[in-house]
Each structure stands twice: as C-alpha cells, then as structure tokens.
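Quick notes on the structure that follows.
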Amino acid sequence: MRPREMHPLCCLAADCVPGGEADGGGCSPPPAAASEEEAAVAGVLYKWTNIGKGWRPRWFAIRGGVLAYSKIRRRVAAEPPPPPPEAGAGGGVRLIGVPRRGGVGDQPIGFVPLKISSFSESKSDDKRFYIITPTKTLQLRTGSAKDRVAWIEALVSARSELSLNGVVPCDQNEGSFSTEKLRNRLHAEGVGEEAIKDCEQIIHSEFSQYHTQMKQRCEEYLNFIGSLPRELEVVNSGDASTIEKPQSELFKHDCSSSGKCSEYSNTESSDDAGKQEVGQFSDEDEFHFYDTRQSFSDIAASPDLKVRCSNNGRGAHKFGELLAADKTNELLSSIKRRSELPVPLEKEKGVSLWSMIKDNVGKDLTRVCLPVYFNEPLSSLQKCFEDLEYSDLLDRAAEYGSKGNGLMRILYVAAFAVSGYASTDSRPCKPFNPLLGETYEADYPEKGVRFFSEKVSHHPMVMACHCEGKGWKFWGDSNLKSKFWGQSIQLDPSGVLTLEFDDGETFQWSKVTTTINNLIIGRVYCHHHGTMNISGNRQYSCKLTFKEQSFLDRNPRQVQGFVTDANGTKVASLMGKWDESMSCIINDDASKVNPRNVNQSTGATLLWEKNQPAANPTRYNLSSFAITLNELTPGLKEKLPPTDSRLRPDQRHLENGEYEKANSEKLRLETRQRMARKMQESGWKPRWFQRDTEDGTFRYVGGYWEAREQRKWVGCNDIFGNVTTLCTSTSI
C-alpha cells in the first residue's frame, strides 16, 4: 500500500473507512468494489464553490454510505448527450430532479462520508441545504423545494442504514495472506512437512487474532466518529446568532505564507452560510477534503504521532489521547467570562451617610451595621487579586530577565507596582470586610496566573495572598491602619509585598498611603501619595514618588521615580500617572534597550497603559476585569471550598440586585463575626498560611490546589451558614 493511502491512525488503510478518500486530486479513488457499486440515489445539485464562481452544477450519487460528486462537462454540439453512468446501468437508480444535459466526469472529484455528517435546511431558501462534517460545510441547492426534501430523506436514510450495519466495511479479502514463501524457505532448510504445517497454523492463528484486534480498534474509532454529527447539530443550534451578522463580518479568510487563502472551519446552520464560505476551496484545488482525514492531517504528519502509531493495535488509543489533549487546550484558550453584572432584581434606594450618623448618635458605632448601599459586590480578598490585573507586566519582566536584561525587568516591575492603583479611580463604594477564615481563589489559565488569599487575622485585620505566574511568584500580607479626619479618612497600609522570579531575583516593596475625601458631603474620590521603595537583591532598585494632590494642582495623580544600580547611579527615570500610564527614559548608556517602543517625540518608552473601561460598569464603576472576579463559571461552585468569597450570601444578593436580602444577610454575618475575636484569642489559626518566625509575615504553606483537585476540604466548614467552626489547621 502506498504511503499516501495510509489512514491517520497509521495502522488502518484509508479504504477501510467509509469515505476514507479525501476530496482532491491528490488522493486515489475508492476501492473498485465501491466504485462499481450501483448508486442508490443520484441527481444534479448546485454546489457553492467560491465567491468568484458561485454555484456550479455537480452530479451527486450515494454509494454505500458515501456521497460522491463529479463535474459535468460541457457537451460539444455534435456530440450526443450521453446518459449519466448510474442511470444507464441496471436501471435501479433513483433519480432526483432533472439530469443536466452534458457529460459526467470519469472520476468523482469529492467524497463525503455520511456516517460523520449532519444535515440542515436553510430557513430562508426552501431549495438550499447543508451537509456538515467535522471540518467542512458543503452548501448545496436543488432545483425545487420538493427535490430538497427528497435529497435530505435519502441522505438520512443512507446514514441510518450505515449505522445499523455496525460493522467495519473493510475488504474481507485483506484478512487472508499466503505462506508460500515461508514454506519454500523451510523446505530449503530441510524442515519436515509436519513442522511446516505447525508453523503455518501458528502464523494463521496469530494473524487472525491481530486482524480481530484491528477490526475492534477500527470499530471503536468509527463509533467515535459516528457520534460527531450529534455534537455538530448541538453546536449548529447554538450558532443561529450568526444569521444576523452583516455580510462584511462573514467574509473571513486566512491567507497562509504561500499566498493561498483557506477558509475557517464552519459548522453553522444559518441562512448566510453561503456568505461565510467565501474562502472555501474550489473544485479545481488539488486538495479538497470532506472527511476526518483533513482535521487529523496535521497531527498525523507530526513525528511524535508516527512513532506512537505503531502496528501493535494501540494507535487508536494514542490518537484519542492526543485529540483529548488538543480539545482541553482549545477549551482553556476559549474561556469566556462575563462582561457585565446581572440585571438588578430590585430598585435600589439611596442612603445618606450623614443621615446614618445622625440616627446613631450616642450608640456604639462598632455595632452599627451599615447598609449594603455603601458596598460593592466584591470582598477585600478579591480586591487583592484585582491588583494583579496587569500581570502580563510581570511576564514581560520575567522574559527580559531570562535574556539578561535586568534593567528592563525592574522597570516593568515598577510599572506593575503602580498599575495596581488604576482600579481605585472613581470607585465610590467599599468592598465587603471578609470573615475570619474566608478565602478566595482565582484560576485564570488565559492569563497564566493562579491566585489564592485568606483572611488570617481579625484584630488587627490581616489578609494574606499567594500567586503563581509564568516564571514568577508573588505573595504578601496587608493590614490597614485608618485615621478619621471628619470629611476624609486616611489609610496607611502596612505589610510587605514580595515578587520572586524563577531565576532567584527578588523584589520587595510596600504600598503608599491612600486618602478618601468627601465622605459626608460632595463627590467621593481618593488619591494616593507617599514614597514606594522597590528593593532588589541583585543589581537594581527603584524609588517611586506618588505626588500628593492639592486643590490648585492642575496635573494631579502624578508618579515619578528613578532606578539606581548597585553603585547608586541613576540609570533610568520613570514618569506617568497611576490612573493612566507609566513610561521610562533610559540613560545614554542603556539607550539601545527596546528601541521599537520609544516615543520619538519625548524619548520615553511606554511600559504600561490602563485598559479601556467596561461598557456597562454600573454605579460601582468596576473595570472589565473586576466584573469577572465574583463570577461563578459553570462547574466552579462544586470545586470551591465553603469558605470562598463567591459563596458569601450578602455579597451574592447585592450583585443580583436583591438589596433587602443582602442587608439582612449582612446583619446576620456581622453578628456572627463578632465572635471571631474570641475564637482568635482562643488559639484559632489560619488554614492555608503560617506566620514566618523571622520577619512576621504570613507565607503560604501549600496544599490548597491539591485539596481542590480531590475536593477534600478537611477542617473547612461553611462560615457563611449556621456552622460556627471555621477552617482550622487540620491536615488533609
């Protein structure tokens, strides 16, 4: 058998699979038995070729579960019109429609395996229908609506008969072989007749077992292929929204490096499918596949697969593993997260903070429960992860460091340290205060980060976090000390943030002071001020100054700084705004670093720029990234521990716009939270973090993601429900 006739499983011949031959001149025709088999149904259909040639007539015929089609040659005037091949032999062929006058090509130019195909009718054109395979959508048109019904019935019937047979349509003659050469060789060696017969019997027995295994593997493979039409039909039903897309959006094609354009794979049932198939290969193209060989051709051509697919009968399983892994990667890369919050179920009632203060004069303010009107549907643990929205800056820093460019590494680290403040702009509401032992996880494979945080102390309130990225780790704990000045409140964060790269380089810094103004009267706003020192354990360090805002300042929110080397020499300067962007200017001795990003007018290199705001931020003014933080994606709830912030009822009710329920739940949880201090004094310890005896910081002890995989949350109880026992340090 020639190499080009081999099936992608390597151990199966292409002619052992229905429709195993691809649509194109580069593949050999089907076996003689299949070619000579009389067609059950035949007729002329118009096939969409491409935008230039449009609809072209083709002669279609169904043979043994395979739909084949041929070109219709233009007849010379003096030449009598020959009858179609199927119509002239046997007379038992069912013709649909009126045959076109003209000759039919000697060889079919395309084959469509019906076993792995699904069919769909056009909703706007009663003469058009589609044949959908895992890799292509064949668009066809009949001469009348009646003919369309007849063709679809014939195709469905042929596919059903093929499925009911339940056997591998291989040529049974391939199961036999000759032992004549072996017999002659043994005779030449003087082996007796009885021994020769024993050898032949052993060979026949081994080959029979091997042949049976091959048939079983092939049947498993065909059963898998046979399930694809059902999956395609489910996908097609969900793609109905493409009907309303404008024609300009449907003209999508991909041009390869050779200059030849190929279509995107389509499995739609929309009425505008013809417009989507603009880039489809024409019949004149050399390769025009309509079966599973196309989708597997790239994988089959890989050296790794050729090694795996040996003739030991395990090729199908290896191929299935590769297909499953490829499907998993595709799912990870196509994760869709929400772009807006749910529509509120109730109308929100505004509350004045000044009226709250007047109504509670003389009362213990620590026992006053503020309404959820002053909260946003996020917890402080989730706000910690919001600081990592621009984690791609750390990816770039890791990449530069791996290339030996330590200066660009610390510049991107400094830009990342500033970018965490961008989300605080115009955020009038405060996050929920986490309960003792409350946790939050964030697994964003599309960003390459995995984050976890936990409230480890109630008095003082301390939250610890740990994050892993592409070539780096980030951890730290935070504690806010507040000062109330009547019209404003000042928040002084304490705690150290640590960033460690895989090559061992480490940077540490602390956050600057935040002041929130106009708490009682006026528009609430915040600004950040102070000095941030980013210290490294190698060559470079950085100092950033957040300029304090004043009433007369025309250019507020500025950040300026510089990078120094081990000798204290300034090697680069940084400038920008914490709510817009950050840029740098490198000194002449390092001016060749990354010249493509240098702004020619100012000589500055743009390091970071704030993302565009969300289309529907609501009154909370959440960013597009923040909107996704509290989302319960499909299947996530079953994996979360009962302490996760997404399961907090008051926060969930607020997000859904159920304000009355949110207020009652918030009051209940705050009442329970007053017991947290007693529990902490009685020896309660956090579950996933442990205080470092040297520097007093909390470090992640590990084990969370392993417990999540096994769903064994030992010592983690529902802190939001009626269970009073919090997550303890019980080992898993």
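Lettering and numbering for the structure tokens are positional, with chains as A, B, ... in the shown order, residues counted from 1 in each chain, and ligands counted from 1 in the shown order.
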
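Using only C-alpha atoms, the residues found no farther than 7 Å from Val512 (chain A), other than those of its own chain fewer than 2 positions away, are Pro493, Ser510, Thr514, His528, His529, Gly530, Thr531 and Met532 of chain A.
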
For the contact check between region 445-556 of chain A and region 432-436 of chain A, emit one row per residue of region 445-556 of chain A within 12 Å, containing the shortest atom pair and the distance in Å rounded to one decimal, counting only C-alpha atoms, chain then rising number order, as CSV.
residue,atom,partner,partner_atom,distance
A:Ser453,CA,A:Pro434,CA,10.8
A:Glu454,CA,A:Leu436,CA,8.4
A:Lys455,CA,A:Leu436,CA,5.6
A:Val456,CA,A:Leu436,CA,6.6
A:Ser457,CA,A:Leu436,CA,6.5
A:His458,CA,A:Leu436,CA,5.9
A:His459,CA,A:Leu436,CA,9.7
A:Pro460,CA,A:Leu436,CA,11.1
A:Met461,CA,A:Leu436,CA,8.8
A:Val462,CA,A:Leu436,CA,9.5
A:Met463,CA,A:Pro434,CA,8.9
A:Ala464,CA,A:Pro434,CA,11.9
A:Leu480,CA,A:Asn433,CA,12.0

Just-selected residues, N, CA and C atoms written as a PDB file, in the first residue's frame:
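Produced file result-v4.pdb, reproduced below:
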ATOM      1  N   SER A 453      -6.053  33.687  48.386  1.00  0.00           N
ATOM      2  CA  SER A 453      -5.925  34.607  49.516  1.00  0.00           C
ATOM      3  C   SER A 453      -6.822  34.139  50.660  1.00  0.00           C
ATOM      4  N   GLU A 454      -6.485  34.580  51.861  1.00  0.00           N
ATOM      5  CA  GLU A 454      -7.229  34.184  53.057  1.00  0.00           C
ATOM      6  C   GLU A 454      -7.115  35.289  54.100  1.00  0.00           C
ATOM      7  N   LYS A 455      -8.216  35.507  54.830  1.00  0.00           N
ATOM      8  CA  LYS A 455      -8.159  36.421  55.962  1.00  0.00           C
ATOM      9  C   LYS A 455      -7.587  35.651  57.151  1.00  0.00           C
ATOM     10  N   VAL A 456      -6.406  36.053  57.604  1.00  0.00           N
ATOM     11  CA  VAL A 456      -5.668  35.286  58.604  1.00  0.00           C
ATOM     12  C   VAL A 456      -5.772  35.876  60.004  1.00  0.00           C
ATOM     13  N   SER A 457      -6.295  37.099  60.115  1.00  0.00           N
ATOM     14  CA  SER A 457      -6.431  37.719  61.435  1.00  0.00           C
ATOM     15  C   SER A 457      -7.585  38.715  61.392  1.00  0.00           C
ATOM     16  N   HIS A 458      -8.312  38.801  62.518  1.00  0.00           N
ATOM     17  CA  HIS A 458      -9.454  39.717  62.587  1.00  0.00           C
ATOM     18  C   HIS A 458      -9.100  41.014  63.305  1.00  0.00           C
ATOM     19  N   HIS A 459      -8.366  40.944  64.391  1.00  0.00           N
ATOM     20  CA  HIS A 459      -7.897  42.132  65.110  1.00  0.00           C
ATOM     21  C   HIS A 459      -6.414  41.947  65.396  1.00  0.00           C
ATOM     22  N   PRO A 460      -5.521  42.630  64.663  1.00  0.00           N
ATOM     23  CA  PRO A 460      -5.807  43.517  63.535  1.00  0.00           C
ATOM     24  C   PRO A 460      -6.221  42.717  62.294  1.00  0.00           C
ATOM     25  N   MET A 461      -6.916  43.368  61.370  1.00  0.00           N
ATOM     26  CA  MET A 461      -7.371  42.682  60.162  1.00  0.00           C
ATOM     27  C   MET A 461      -6.200  42.523  59.196  1.00  0.00           C
ATOM     28  N   VAL A 462      -5.841  41.270  58.952  1.00  0.00           N
ATOM     29  CA  VAL A 462      -4.723  40.961  58.067  1.00  0.00           C
ATOM     30  C   VAL A 462      -5.203  39.963  57.024  1.00  0.00           C
ATOM     31  N   MET A 463      -4.885  40.243  55.777  1.00  0.00           N
ATOM     32  CA  MET A 463      -5.174  39.332  54.666  1.00  0.00           C
ATOM     33  C   MET A 463      -3.867  38.940  54.007  1.00  0.00           C
ATOM     34  N   ALA A 464      -3.721  37.654  53.716  1.00  0.00           N
ATOM     35  CA  ALA A 464      -2.518  37.138  53.073  1.00  0.00           C
ATOM     36  C   ALA A 464      -2.887  36.560  51.717  1.00  0.00           C
ATOM     37  N   LEU A 480      -4.411  47.475  57.215  1.00  0.00           N
ATOM     38  CA  LEU A 480      -4.674  48.896  57.080  1.00  0.00           C
ATOM     39  C   LEU A 480      -4.854  49.543  58.452  1.00  0.00           C
TER      40      LEU A 480
END

Let's see if you can do this: from backbone DSSP, list all strand (DSSP E) residues in region 475-569 of chain A, as a ChimeraX atom specification. /A:475-484,489-494,497-501,506-509,513-517,525-536,541-546,558-564

Requested in this report: State, in Å with one decimal place, the distance from CA of Leu491 (chain A) to CA of Tyr421 (chain A).
Outcome: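 We find that CA of Leu491 (chain A) and CA of Tyr421 (chain A) lie 13.8 Å from each other.
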
| query | Can you list, as a PyMOL selection string, every protein, DNA or RNA residue that comes within 12 Å of Val156 (chain A) when you count only C-alpha atoms, leaving out same-chain residues fewer than 5 positions away? | reply | chain A and resi 62+65-67+114-120+131+149-151+161-163+229

Can you list, as a VMD selection string, every protein, DNA or RNA residue that comes within 12 Å of region 707-710 of chain A when you count only C-alpha atoms, leaving out same-chain residues fewer than 2 positions away?
chain A and resid 441 443 452 636 to 642 644 687 to 688 702 to 705 712 to 716 731 to 732

Convert the current residue selection to file output with C-alpha atoms, as a PDB file, in the first residue's frame.
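Done, and the output landed in part.pdb:
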ATOM      1  CA  GLU A 441      -9.255  31.620  44.708  1.00  0.00           C
ATOM      2  CA  ASP A 443      -7.627  30.447  38.405  1.00  0.00           C
ATOM      3  CA  PHE A 452      -5.249  32.399  46.476  1.00  0.00           C
ATOM      4  CA  LEU A 636     -16.848  26.102  39.573  1.00  0.00           C
ATOM      5  CA  LYS A 637     -19.219  26.061  42.556  1.00  0.00           C
ATOM      6  CA  GLU A 638     -18.749  22.319  43.085  1.00  0.00           C
ATOM      7  CA  LYS A 639     -14.963  22.775  43.294  1.00  0.00           C
ATOM      8  CA  LEU A 640     -14.857  25.707  45.714  1.00  0.00           C
ATOM      9  CA  PRO A 641     -14.388  25.315  49.473  1.00  0.00           C
ATOM     10  CA  PRO A 642     -17.298  26.531  51.620  1.00  0.00           C
ATOM     11  CA  ASP A 644     -14.817  31.114  49.274  1.00  0.00           C
ATOM     12  CA  ARG A 687      -5.731  27.031  57.377  1.00  0.00           C
ATOM     13  CA  TRP A 688      -3.504  27.836  54.398  1.00  0.00           C
ATOM     14  CA  GLY A 702       0.661  24.841  50.234  1.00  0.00           C
ATOM     15  CA  GLY A 703      -1.898  22.123  49.713  1.00  0.00           C
ATOM     16  CA  TYR A 704      -4.878  24.210  48.604  1.00  0.00           C
ATOM     17  CA  TRP A 705      -4.896  23.314  44.911  1.00  0.00           C
ATOM     18  CA  LYS A 712     -11.336  17.199  50.308  1.00  0.00           C
ATOM     19  CA  TRP A 713     -11.896  20.320  52.386  1.00  0.00           C
ATOM     20  CA  VAL A 714     -10.948  18.875  55.775  1.00  0.00           C
ATOM     21  CA  GLY A 715     -11.374  21.471  58.514  1.00  0.00           C
ATOM     22  CA  CYS A 716     -13.199  23.908  56.206  1.00  0.00           C
ATOM     23  CA  SER A 731      -4.106  18.461  57.850  1.00  0.00           C
ATOM     24  CA  ILE A 732      -5.598  16.935  54.752  1.00  0.00           C
TER      25      ILE A 732
END

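Counting only C-alpha atoms, the residue from A:Pro634, A:Gly721, A:Pro344, A:Pro686 that sits nearest to Arg672 (chain A) is A:Gly721.
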
What separates CA of Cys384 (chain A) and CA of Ser623 (chain A) is a distance of 14.3 Å

request  = Between CA of Ser379 (chain A) and CA of Asp492 (chain A), measure the distance and give it in Å to one decimal.
outcome  =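 Computing the Euclidean distance for CA of Ser379 (chain A) and CA of Asp492 (chain A) yields 19.0 Å.
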